[in-house]
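Next comes final31.cif, with mmCIF, N, CA and C atoms.
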data_run
loop_
_atom_site.label_atom_id
_atom_site.label_comp_id
_atom_site.auth_asym_id
_atom_site.auth_seq_id
_atom_site.Cartn_x
_atom_site.Cartn_y
_atom_site.Cartn_z
N MET A 1 -20.20 66.56 -15.61
CA MET A 1 -19.80 65.29 -16.17
C MET A 1 -19.32 64.34 -15.08
N LYS A 2 -18.46 64.84 -14.16
CA LYS A 2 -17.95 63.99 -13.08
C LYS A 2 -19.08 63.50 -12.20
N ILE A 3 -20.06 64.36 -11.94
CA ILE A 3 -21.18 63.97 -11.08
C ILE A 3 -22.00 62.88 -11.76
N THR A 4 -22.20 62.98 -13.07
CA THR A 4 -22.96 61.97 -13.80
C THR A 4 -22.26 60.61 -13.74
N ILE A 5 -20.95 60.61 -13.95
CA ILE A 5 -20.18 59.35 -13.90
C ILE A 5 -20.24 58.75 -12.51
N LEU A 6 -20.06 59.58 -11.48
CA LEU A 6 -20.11 59.10 -10.11
C LEU A 6 -21.50 58.55 -9.78
N ALA A 7 -22.54 59.25 -10.17
CA ALA A 7 -23.90 58.79 -9.90
C ALA A 7 -24.17 57.46 -10.60
N THR A 8 -23.72 57.34 -11.85
CA THR A 8 -23.89 56.09 -12.59
C THR A 8 -23.12 54.96 -11.92
N ALA A 9 -21.89 55.24 -11.51
CA ALA A 9 -21.07 54.22 -10.85
C ALA A 9 -21.71 53.76 -9.55
N LEU A 10 -22.23 54.69 -8.76
CA LEU A 10 -22.86 54.32 -7.49
C LEU A 10 -24.16 53.55 -7.72
N THR A 11 -24.88 53.87 -8.78
CA THR A 11 -26.11 53.15 -9.11
C THR A 11 -25.81 51.72 -9.52
N LEU A 12 -24.75 51.52 -10.29
CA LEU A 12 -24.41 50.19 -10.80
C LEU A 12 -23.57 49.38 -9.82
N TRP A 13 -23.02 49.99 -8.79
CA TRP A 13 -22.11 49.29 -7.87
C TRP A 13 -22.68 47.97 -7.35
N PRO A 14 -23.95 47.91 -6.90
CA PRO A 14 -24.45 46.63 -6.38
C PRO A 14 -24.40 45.49 -7.39
N PHE A 15 -24.49 45.81 -8.68
CA PHE A 15 -24.46 44.77 -9.70
C PHE A 15 -23.05 44.23 -9.93
N PHE A 16 -22.04 45.01 -9.62
CA PHE A 16 -20.66 44.60 -9.85
C PHE A 16 -19.97 44.12 -8.58
N ALA A 17 -20.54 44.43 -7.43
CA ALA A 17 -19.93 43.99 -6.18
C ALA A 17 -20.15 42.49 -6.02
N SER A 18 -19.13 41.80 -5.63
CA SER A 18 -19.30 40.36 -5.42
C SER A 18 -19.36 40.09 -3.93
N ALA A 19 -20.02 39.01 -3.61
CA ALA A 19 -20.17 38.63 -2.22
C ALA A 19 -18.83 38.24 -1.64
N ASP A 20 -18.69 38.44 -0.34
CA ASP A 20 -17.52 37.98 0.39
C ASP A 20 -17.92 36.66 1.03
N VAL A 21 -17.32 35.56 0.55
CA VAL A 21 -17.67 34.23 1.03
C VAL A 21 -16.54 33.71 1.92
N THR A 22 -16.92 33.23 3.09
CA THR A 22 -15.97 32.63 4.02
C THR A 22 -16.11 31.12 3.95
N ILE A 23 -14.98 30.43 3.83
CA ILE A 23 -14.96 28.98 3.80
C ILE A 23 -14.37 28.51 5.13
N SER A 24 -15.05 27.59 5.80
CA SER A 24 -14.54 27.03 7.05
C SER A 24 -14.78 25.53 7.09
N ASP A 25 -14.10 24.87 8.00
CA ASP A 25 -14.26 23.44 8.24
C ASP A 25 -14.13 22.60 6.97
N GLY A 26 -13.28 23.02 6.04
CA GLY A 26 -13.09 22.26 4.81
C GLY A 26 -12.22 21.04 5.02
N TRP A 27 -12.57 19.94 4.37
CA TRP A 27 -11.77 18.72 4.44
C TRP A 27 -12.25 17.75 3.37
N ALA A 28 -11.44 16.78 3.07
CA ALA A 28 -11.79 15.71 2.14
C ALA A 28 -11.44 14.39 2.79
N ARG A 29 -12.13 13.37 2.37
CA ARG A 29 -11.85 12.03 2.90
C ARG A 29 -10.90 11.32 1.95
N ALA A 30 -9.86 10.69 2.50
CA ALA A 30 -8.90 9.94 1.68
C ALA A 30 -9.65 8.88 0.89
N SER A 31 -9.18 8.64 -0.33
CA SER A 31 -9.80 7.62 -1.17
C SER A 31 -8.92 6.39 -1.22
N ILE A 32 -9.54 5.27 -1.46
CA ILE A 32 -8.81 4.00 -1.51
C ILE A 32 -8.12 3.84 -2.86
N LEU A 33 -8.85 4.20 -3.92
CA LEU A 33 -8.34 4.06 -5.29
C LEU A 33 -8.65 5.34 -6.07
N ALA A 34 -7.81 5.65 -7.05
CA ALA A 34 -8.08 6.80 -7.91
C ALA A 34 -9.29 6.54 -8.80
N SER A 35 -9.61 5.27 -9.04
CA SER A 35 -10.72 4.93 -9.93
C SER A 35 -12.09 5.09 -9.25
N ARG A 36 -12.11 5.36 -7.95
CA ARG A 36 -13.36 5.54 -7.21
C ARG A 36 -13.57 7.02 -6.89
N PRO A 37 -14.82 7.47 -6.88
CA PRO A 37 -15.08 8.87 -6.52
C PRO A 37 -14.66 9.15 -5.08
N ALA A 38 -14.39 10.41 -4.80
CA ALA A 38 -14.04 10.85 -3.45
C ALA A 38 -15.01 11.97 -3.06
N ALA A 39 -15.01 12.32 -1.78
CA ALA A 39 -15.92 13.35 -1.30
C ALA A 39 -15.15 14.42 -0.52
N ALA A 40 -15.65 15.63 -0.59
CA ALA A 40 -15.07 16.75 0.16
C ALA A 40 -16.23 17.52 0.79
N TYR A 41 -15.90 18.21 1.87
CA TYR A 41 -16.91 18.88 2.68
C TYR A 41 -16.39 20.25 3.11
N LEU A 42 -17.30 21.19 3.34
CA LEU A 42 -16.93 22.51 3.84
C LEU A 42 -18.17 23.27 4.23
N THR A 43 -17.96 24.40 4.88
CA THR A 43 -19.06 25.30 5.22
C THR A 43 -18.79 26.63 4.53
N LEU A 44 -19.81 27.15 3.86
CA LEU A 44 -19.71 28.43 3.16
C LEU A 44 -20.66 29.42 3.80
N THR A 45 -20.16 30.63 4.06
CA THR A 45 -20.99 31.71 4.58
C THR A 45 -20.73 32.94 3.73
N SER A 46 -21.78 33.48 3.13
CA SER A 46 -21.66 34.64 2.25
C SER A 46 -22.30 35.85 2.91
N ASP A 47 -21.67 37.01 2.73
CA ASP A 47 -22.24 38.23 3.31
C ASP A 47 -23.36 38.81 2.44
N GLN A 48 -23.53 38.27 1.22
CA GLN A 48 -24.61 38.65 0.32
C GLN A 48 -25.17 37.37 -0.29
N SER A 49 -26.42 37.38 -0.67
CA SER A 49 -26.99 36.21 -1.34
C SER A 49 -26.20 35.94 -2.61
N ASP A 50 -25.85 34.69 -2.83
CA ASP A 50 -25.08 34.28 -4.00
C ASP A 50 -25.37 32.80 -4.24
N GLN A 51 -24.73 32.23 -5.23
CA GLN A 51 -24.83 30.80 -5.49
C GLN A 51 -23.47 30.26 -5.86
N LEU A 52 -23.16 29.07 -5.37
CA LEU A 52 -21.98 28.35 -5.81
C LEU A 52 -22.41 27.60 -7.06
N VAL A 53 -21.76 27.92 -8.21
CA VAL A 53 -22.22 27.36 -9.48
C VAL A 53 -21.22 26.38 -10.11
N ALA A 54 -19.97 26.37 -9.65
CA ALA A 54 -18.99 25.45 -10.22
C ALA A 54 -17.84 25.24 -9.25
N ILE A 55 -17.31 24.02 -9.27
CA ILE A 55 -16.14 23.66 -8.48
C ILE A 55 -15.22 22.86 -9.38
N THR A 56 -13.94 23.17 -9.34
CA THR A 56 -12.96 22.39 -10.09
C THR A 56 -11.77 22.10 -9.19
N THR A 57 -10.99 21.12 -9.59
CA THR A 57 -9.73 20.80 -8.94
C THR A 57 -8.84 20.17 -10.00
N PRO A 58 -7.55 20.41 -9.93
CA PRO A 58 -6.66 19.86 -10.95
C PRO A 58 -6.55 18.33 -10.91
N ILE A 59 -7.04 17.69 -9.83
CA ILE A 59 -6.87 16.23 -9.76
C ILE A 59 -8.16 15.45 -10.03
N ALA A 60 -9.25 16.12 -10.44
CA ALA A 60 -10.49 15.42 -10.77
C ALA A 60 -11.05 15.95 -12.08
N GLY A 61 -11.56 15.05 -12.88
CA GLY A 61 -12.16 15.46 -14.14
C GLY A 61 -13.47 16.19 -13.96
N ASN A 62 -14.18 15.90 -12.85
CA ASN A 62 -15.48 16.50 -12.63
C ASN A 62 -15.75 16.60 -11.13
N VAL A 63 -16.25 17.75 -10.70
CA VAL A 63 -16.66 17.93 -9.30
C VAL A 63 -18.10 18.42 -9.33
N THR A 64 -18.96 17.72 -8.61
CA THR A 64 -20.37 18.13 -8.54
C THR A 64 -20.79 18.25 -7.09
N ILE A 65 -21.86 19.00 -6.89
CA ILE A 65 -22.47 19.12 -5.57
C ILE A 65 -23.60 18.11 -5.52
N HIS A 66 -23.61 17.29 -4.49
CA HIS A 66 -24.68 16.30 -4.32
C HIS A 66 -25.43 16.57 -3.03
N ALA A 67 -26.75 16.43 -3.10
CA ALA A 67 -27.60 16.47 -1.93
C ALA A 67 -28.17 15.06 -1.75
N VAL A 68 -28.67 14.78 -0.58
CA VAL A 68 -29.28 13.49 -0.31
C VAL A 68 -30.78 13.70 -0.14
N GLU A 69 -31.57 12.99 -0.95
CA GLU A 69 -33.03 13.06 -0.85
C GLU A 69 -33.55 11.70 -0.41
N THR A 70 -34.57 11.72 0.42
CA THR A 70 -35.20 10.49 0.89
C THR A 70 -36.64 10.48 0.39
N ASP A 71 -37.03 9.38 -0.27
CA ASP A 71 -38.39 9.31 -0.80
C ASP A 71 -39.37 8.84 0.28
N ASN A 72 -40.64 8.69 -0.09
CA ASN A 72 -41.68 8.31 0.87
C ASN A 72 -41.47 6.92 1.46
N ASP A 73 -40.71 6.06 0.77
CA ASP A 73 -40.43 4.72 1.27
C ASP A 73 -39.18 4.67 2.15
N GLY A 74 -38.57 5.84 2.40
CA GLY A 74 -37.39 5.89 3.24
C GLY A 74 -36.10 5.56 2.52
N VAL A 75 -36.16 5.50 1.19
CA VAL A 75 -34.97 5.21 0.40
C VAL A 75 -34.26 6.51 0.06
N SER A 76 -32.98 6.59 0.42
CA SER A 76 -32.19 7.79 0.15
C SER A 76 -31.39 7.62 -1.12
N ARG A 77 -31.22 8.72 -1.84
CA ARG A 77 -30.38 8.71 -3.03
C ARG A 77 -29.73 10.07 -3.19
N MET A 78 -28.60 10.07 -3.89
CA MET A 78 -27.90 11.33 -4.15
C MET A 78 -28.48 11.97 -5.41
N VAL A 79 -28.64 13.29 -5.36
CA VAL A 79 -29.08 14.06 -6.52
C VAL A 79 -28.14 15.23 -6.70
N GLU A 80 -27.84 15.54 -7.96
CA GLU A 80 -26.93 16.64 -8.25
C GLU A 80 -27.62 17.98 -8.03
N VAL A 81 -26.91 18.91 -7.42
CA VAL A 81 -27.38 20.28 -7.22
C VAL A 81 -26.62 21.14 -8.23
N VAL A 82 -27.33 21.77 -9.14
CA VAL A 82 -26.69 22.56 -10.19
C VAL A 82 -26.11 23.85 -9.64
N ALA A 83 -26.83 24.51 -8.74
CA ALA A 83 -26.36 25.76 -8.13
C ALA A 83 -26.77 25.72 -6.66
N LEU A 84 -25.79 25.90 -5.78
CA LEU A 84 -26.05 25.86 -4.34
C LEU A 84 -26.33 27.27 -3.84
N ASP A 85 -27.54 27.48 -3.34
CA ASP A 85 -27.92 28.79 -2.82
C ASP A 85 -27.15 29.11 -1.55
N LEU A 86 -26.65 30.34 -1.47
CA LEU A 86 -25.96 30.83 -0.29
C LEU A 86 -26.71 32.06 0.21
N PRO A 87 -27.68 31.88 1.11
CA PRO A 87 -28.42 33.03 1.64
C PRO A 87 -27.49 33.94 2.44
N SER A 88 -27.73 35.21 2.38
CA SER A 88 -26.90 36.19 3.07
C SER A 88 -26.79 35.90 4.56
N GLY A 89 -25.54 35.73 5.03
CA GLY A 89 -25.27 35.56 6.44
C GLY A 89 -25.57 34.20 7.03
N GLU A 90 -26.09 33.26 6.24
CA GLU A 90 -26.44 31.93 6.75
C GLU A 90 -25.41 30.90 6.32
N PRO A 91 -24.79 30.20 7.27
CA PRO A 91 -23.84 29.15 6.89
C PRO A 91 -24.54 28.01 6.15
N VAL A 92 -23.91 27.53 5.09
CA VAL A 92 -24.39 26.36 4.35
C VAL A 92 -23.32 25.29 4.51
N THR A 93 -23.68 24.20 5.17
CA THR A 93 -22.70 23.18 5.51
C THR A 93 -22.86 21.94 4.64
N LEU A 94 -21.75 21.50 4.07
CA LEU A 94 -21.68 20.24 3.35
C LEU A 94 -20.98 19.28 4.29
N ALA A 95 -21.65 18.16 4.63
CA ALA A 95 -21.15 17.25 5.66
C ALA A 95 -21.49 15.81 5.29
N PRO A 96 -20.78 14.84 5.87
CA PRO A 96 -21.09 13.43 5.60
C PRO A 96 -22.57 13.12 5.87
N GLY A 97 -23.17 12.34 4.98
CA GLY A 97 -24.57 11.98 5.11
C GLY A 97 -25.53 13.05 4.63
N SER A 98 -24.99 14.14 4.12
CA SER A 98 -25.79 15.27 3.68
C SER A 98 -25.20 15.78 2.36
N MET A 99 -25.36 17.07 2.11
CA MET A 99 -24.73 17.64 0.90
C MET A 99 -23.23 17.47 0.97
N HIS A 100 -22.62 17.27 -0.19
CA HIS A 100 -21.17 17.09 -0.26
C HIS A 100 -20.69 17.38 -1.67
N LEU A 101 -19.39 17.53 -1.81
CA LEU A 101 -18.77 17.65 -3.13
C LEU A 101 -18.34 16.25 -3.55
N MET A 102 -18.71 15.83 -4.74
CA MET A 102 -18.32 14.53 -5.26
C MET A 102 -17.26 14.75 -6.33
N LEU A 103 -16.08 14.17 -6.12
CA LEU A 103 -14.96 14.30 -7.05
C LEU A 103 -14.87 13.02 -7.87
N MET A 104 -15.06 13.14 -9.18
CA MET A 104 -15.04 11.98 -10.06
C MET A 104 -13.95 12.13 -11.11
N GLY A 105 -13.48 11.00 -11.60
CA GLY A 105 -12.41 11.02 -12.59
C GLY A 105 -11.10 11.49 -11.99
N LEU A 106 -10.77 10.97 -10.80
CA LEU A 106 -9.53 11.37 -10.13
C LEU A 106 -8.31 10.93 -10.94
N SER A 107 -7.32 11.79 -11.01
CA SER A 107 -6.06 11.43 -11.68
C SER A 107 -5.11 10.74 -10.69
N GLU A 108 -5.43 10.85 -9.40
CA GLU A 108 -4.64 10.20 -8.35
C GLU A 108 -5.56 10.04 -7.15
N LYS A 109 -5.26 9.09 -6.28
CA LYS A 109 -6.09 8.93 -5.10
C LYS A 109 -5.76 10.04 -4.09
N LEU A 110 -6.72 10.34 -3.25
CA LEU A 110 -6.51 11.34 -2.22
C LEU A 110 -5.80 10.67 -1.05
N GLU A 111 -4.62 11.16 -0.73
CA GLU A 111 -3.79 10.58 0.33
C GLU A 111 -3.96 11.37 1.62
N GLU A 112 -4.20 10.65 2.71
CA GLU A 112 -4.27 11.27 4.02
C GLU A 112 -3.01 12.08 4.29
N GLY A 113 -3.18 13.28 4.84
CA GLY A 113 -2.04 14.14 5.17
C GLY A 113 -1.67 15.12 4.07
N THR A 114 -2.31 15.01 2.89
CA THR A 114 -2.06 15.96 1.81
C THR A 114 -3.17 17.02 1.82
N ASP A 115 -3.10 17.94 0.90
CA ASP A 115 -4.13 18.96 0.74
C ASP A 115 -4.78 18.83 -0.62
N LEU A 116 -6.07 19.11 -0.69
CA LEU A 116 -6.84 19.08 -1.93
C LEU A 116 -7.12 20.52 -2.35
N PRO A 117 -6.59 20.96 -3.51
CA PRO A 117 -6.90 22.31 -3.98
C PRO A 117 -8.27 22.32 -4.67
N LEU A 118 -9.06 23.35 -4.36
CA LEU A 118 -10.39 23.52 -4.97
C LEU A 118 -10.52 24.95 -5.49
N ILE A 119 -11.18 25.09 -6.61
CA ILE A 119 -11.49 26.41 -7.17
C ILE A 119 -13.01 26.51 -7.22
N LEU A 120 -13.57 27.47 -6.48
CA LEU A 120 -15.01 27.65 -6.42
C LEU A 120 -15.40 28.88 -7.23
N THR A 121 -16.46 28.74 -8.02
CA THR A 121 -16.96 29.85 -8.84
C THR A 121 -18.39 30.14 -8.42
N PHE A 122 -18.69 31.42 -8.27
CA PHE A 122 -19.99 31.85 -7.78
C PHE A 122 -20.77 32.58 -8.88
N ALA A 123 -22.09 32.61 -8.75
CA ALA A 123 -22.95 33.28 -9.72
C ALA A 123 -22.58 34.75 -9.87
N SER A 124 -22.08 35.36 -8.81
CA SER A 124 -21.68 36.77 -8.85
C SER A 124 -20.46 37.00 -9.74
N GLY A 125 -19.80 35.90 -10.14
CA GLY A 125 -18.59 36.02 -10.94
C GLY A 125 -17.32 35.87 -10.12
N ALA A 126 -17.46 35.87 -8.81
CA ALA A 126 -16.29 35.71 -7.94
C ALA A 126 -15.74 34.29 -8.06
N ARG A 127 -14.42 34.18 -7.93
CA ARG A 127 -13.73 32.87 -7.89
C ARG A 127 -12.89 32.84 -6.63
N MET A 128 -12.83 31.67 -6.03
CA MET A 128 -12.06 31.53 -4.80
C MET A 128 -11.28 30.23 -4.85
N GLU A 129 -9.99 30.34 -4.54
CA GLU A 129 -9.15 29.15 -4.48
C GLU A 129 -8.89 28.81 -3.02
N VAL A 130 -9.16 27.56 -2.66
CA VAL A 130 -8.93 27.09 -1.30
C VAL A 130 -8.23 25.75 -1.35
N SER A 131 -7.64 25.38 -0.27
CA SER A 131 -7.00 24.08 -0.15
C SER A 131 -7.50 23.46 1.15
N VAL A 132 -8.01 22.23 1.08
CA VAL A 132 -8.55 21.58 2.27
C VAL A 132 -7.72 20.34 2.59
N PRO A 133 -7.56 20.02 3.87
CA PRO A 133 -6.77 18.86 4.25
C PRO A 133 -7.49 17.56 3.91
N VAL A 134 -6.73 16.55 3.55
CA VAL A 134 -7.28 15.21 3.31
C VAL A 134 -7.09 14.42 4.60
N LEU A 135 -8.22 13.98 5.16
CA LEU A 135 -8.20 13.21 6.40
C LEU A 135 -8.30 11.71 6.06
N GLY A 136 -8.26 10.88 7.06
CA GLY A 136 -8.28 9.43 6.87
C GLY A 136 -9.56 8.94 6.17
N PRO A 137 -9.52 7.70 5.65
CA PRO A 137 -10.67 7.17 4.91
C PRO A 137 -11.94 7.02 5.74
N GLY A 138 -11.83 6.91 7.05
CA GLY A 138 -13.01 6.78 7.90
C GLY A 138 -13.36 8.05 8.64
N ALA A 139 -12.70 9.14 8.33
CA ALA A 139 -12.91 10.40 9.06
C ALA A 139 -14.35 10.90 8.89
N MET A 140 -14.83 11.57 9.92
CA MET A 140 -16.16 12.17 9.88
C MET A 140 -16.10 13.70 9.99
N GLY A 141 -14.87 14.25 10.03
CA GLY A 141 -14.73 15.70 10.06
C GLY A 141 -13.44 16.12 10.70
N PRO A 142 -13.08 17.39 10.55
CA PRO A 142 -11.81 17.89 11.07
C PRO A 142 -11.79 18.02 12.59
N GLN A 143 -12.94 18.00 13.24
CA GLN A 143 -12.98 18.17 14.69
C GLN A 143 -12.69 16.89 15.45
N GLU A 144 -12.46 15.76 14.75
CA GLU A 144 -12.16 14.49 15.44
C GLU A 144 -10.84 14.54 16.15
#

Serialized structure, structure tokens:
Amino acid sequence: MKITILATALTLWPFFASADVTISDGWARASILASRPAAAYLTLTSDQSDQLVAITTPIAGNVTIHAVETDNDGVSRMVEVVALDLPSGEPVTLAPGSMHLMLMGLSEKLEEGTDLPLILTFASGARMEVSVPVLGPGAMGPQE
């Protein structure tokens, strides 16, 4: 009986194991008004293939992932990404002018020098709480 349970547990383990995701270079840009959307950026690296499927924060009604697409005429527009693929071992970077988190319905403006709490949910079922610094309104990243 013990061998059967152990064998079953070892067989099912990959389905229940969640990826270990590392978050680095996280930051948000200060907003001018609470009535305007704000943006946040970070780099995610997962040790197993996974997807980022939801992001929340207590100070925004809605957080979405946006990518930038350019059409044949050279016109760029933002498009919502429903699930962000995280290939095993490959960093996925959200940065100005590229993919980013769009925070809409802010209950307060993002003030430089504060921290923005984020809750990330992955397809594997894992949840991760992080806090990223809010930089100035013209910032281009934490390395400045």

Written as an MDAnalysis selection string, what is the full residue list that the PyMOL selection byres (((chain A and resi 82-86 and name CA) around 12) and name CA) yields on the file shown? chainID A and resid 19:23 43:55 63:67 79:81 87:94 99:101 120:124

DSSP strand (DSSP E or B) selection over chain A, as a PyMOL selection string: chain A and resi 21-29+38-46+50-57+60-70+76-81+84-86+88+92-94+100-106+115-122+127-135

Using all atoms listed in the file, which of the listed residues (A:Leu106, A:Ile59, A:Leu116, A:Met140) sits closest to A:Pro37? A:Leu106

Between atom CA of A:Leu33 and atom CA of A:Lys109, what is the spacing in Å?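 According to the coordinates, atom CA of A:Lys109 and atom CA of A:Leu33 are separated by 5.4 Å.
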
Measure the distance from atom N of A:Met78 to atom N of A:Glu108 in Å and round it to one decimal.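 These two atoms are separated by 23.8 Å.
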
Run through the PyMOL selection byres ((chain A and resi 30) around 8) on the given coordinates and return the selected residues as number ranges by chain. A: 27-29, 31-33, 37-39, 109-113, 133-139

Quick check, in Å to one decimal: how far apart do atom C of A:Asp73 and atom N of A:Met104 lie?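 Interatomic distance here is 28.0 Å.
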
Of the candidates A:Gly141, A:Gly105, A:Pro58, A:Thr70, which one gets nearest to A:Leu118 if we count all atoms listed in the file?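 Counting all atoms listed in the file, the residue closest to A:Leu118 is A:Pro58.
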
Could you write out, as a short mmCIF file (atom, residue, chain, number, x, y, z; two decimals) with N, CA and C atoms, keeping the file's coordinate frame, all the residues of chain A that DSSP marks as alpha helix (DSSP H)?
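The resulting selection-v1.cif:
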data_model
loop_
_atom_site.label_atom_id
_atom_site.label_comp_id
_atom_site.auth_asym_id
_atom_site.auth_seq_id
_atom_site.Cartn_x
_atom_site.Cartn_y
_atom_site.Cartn_z
N LYS A 2 -18.46 64.84 -14.16
CA LYS A 2 -17.95 63.99 -13.08
C LYS A 2 -19.08 63.50 -12.20
N ILE A 3 -20.06 64.36 -11.94
CA ILE A 3 -21.18 63.97 -11.08
C ILE A 3 -22.00 62.88 -11.76
N THR A 4 -22.20 62.98 -13.07
CA THR A 4 -22.96 61.97 -13.80
C THR A 4 -22.26 60.61 -13.74
N ILE A 5 -20.95 60.61 -13.95
CA ILE A 5 -20.18 59.35 -13.90
C ILE A 5 -20.24 58.75 -12.51
N LEU A 6 -20.06 59.58 -11.48
CA LEU A 6 -20.11 59.10 -10.11
C LEU A 6 -21.50 58.55 -9.78
N ALA A 7 -22.54 59.25 -10.17
CA ALA A 7 -23.90 58.79 -9.90
C ALA A 7 -24.17 57.46 -10.60
N THR A 8 -23.72 57.34 -11.85
CA THR A 8 -23.89 56.09 -12.59
C THR A 8 -23.12 54.96 -11.92
N ALA A 9 -21.89 55.24 -11.51
CA ALA A 9 -21.07 54.22 -10.85
C ALA A 9 -21.71 53.76 -9.55
N LEU A 10 -22.23 54.69 -8.76
CA LEU A 10 -22.86 54.32 -7.49
C LEU A 10 -24.16 53.55 -7.72
N THR A 11 -24.88 53.87 -8.78
CA THR A 11 -26.11 53.15 -9.11
C THR A 11 -25.81 51.72 -9.52
N LEU A 12 -24.75 51.52 -10.29
CA LEU A 12 -24.41 50.19 -10.80
C LEU A 12 -23.57 49.38 -9.82
N TRP A 13 -23.02 49.99 -8.79
CA TRP A 13 -22.11 49.29 -7.87
C TRP A 13 -22.68 47.97 -7.35
N PRO A 14 -23.95 47.91 -6.90
CA PRO A 14 -24.45 46.63 -6.38
C PRO A 14 -24.40 45.49 -7.39
N PHE A 15 -24.49 45.81 -8.68
CA PHE A 15 -24.46 44.77 -9.70
C PHE A 15 -23.05 44.23 -9.93
N PHE A 16 -22.04 45.01 -9.62
CA PHE A 16 -20.66 44.60 -9.85
C PHE A 16 -19.97 44.12 -8.58
#

Looking at A:Val68, A:Pro96, A:Arg127, A:Arg77, which one is nearest to A:Ala40, with distances taken over all atoms listed in the file?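 Ranking A:Val68, A:Pro96, A:Arg127, A:Arg77 by distance to A:Ala40, first place goes to A:Pro96.
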
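Closest approach to A:Ile119 among A:Gly97, A:Tyr41, A:Ser35, A:Ser131: A:Ser131, based on only C-alpha atoms.
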
Let me make sure I understand: among A:Val132, A:Thr57, A:Pro142, A:Ser98, which one has the smallest atom-to-atom distance to A:Glu69 if we use only N, CA and C atoms?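 Using only N, CA and C atoms, the shortest distance to A:Glu69 belongs to A:Ser98.
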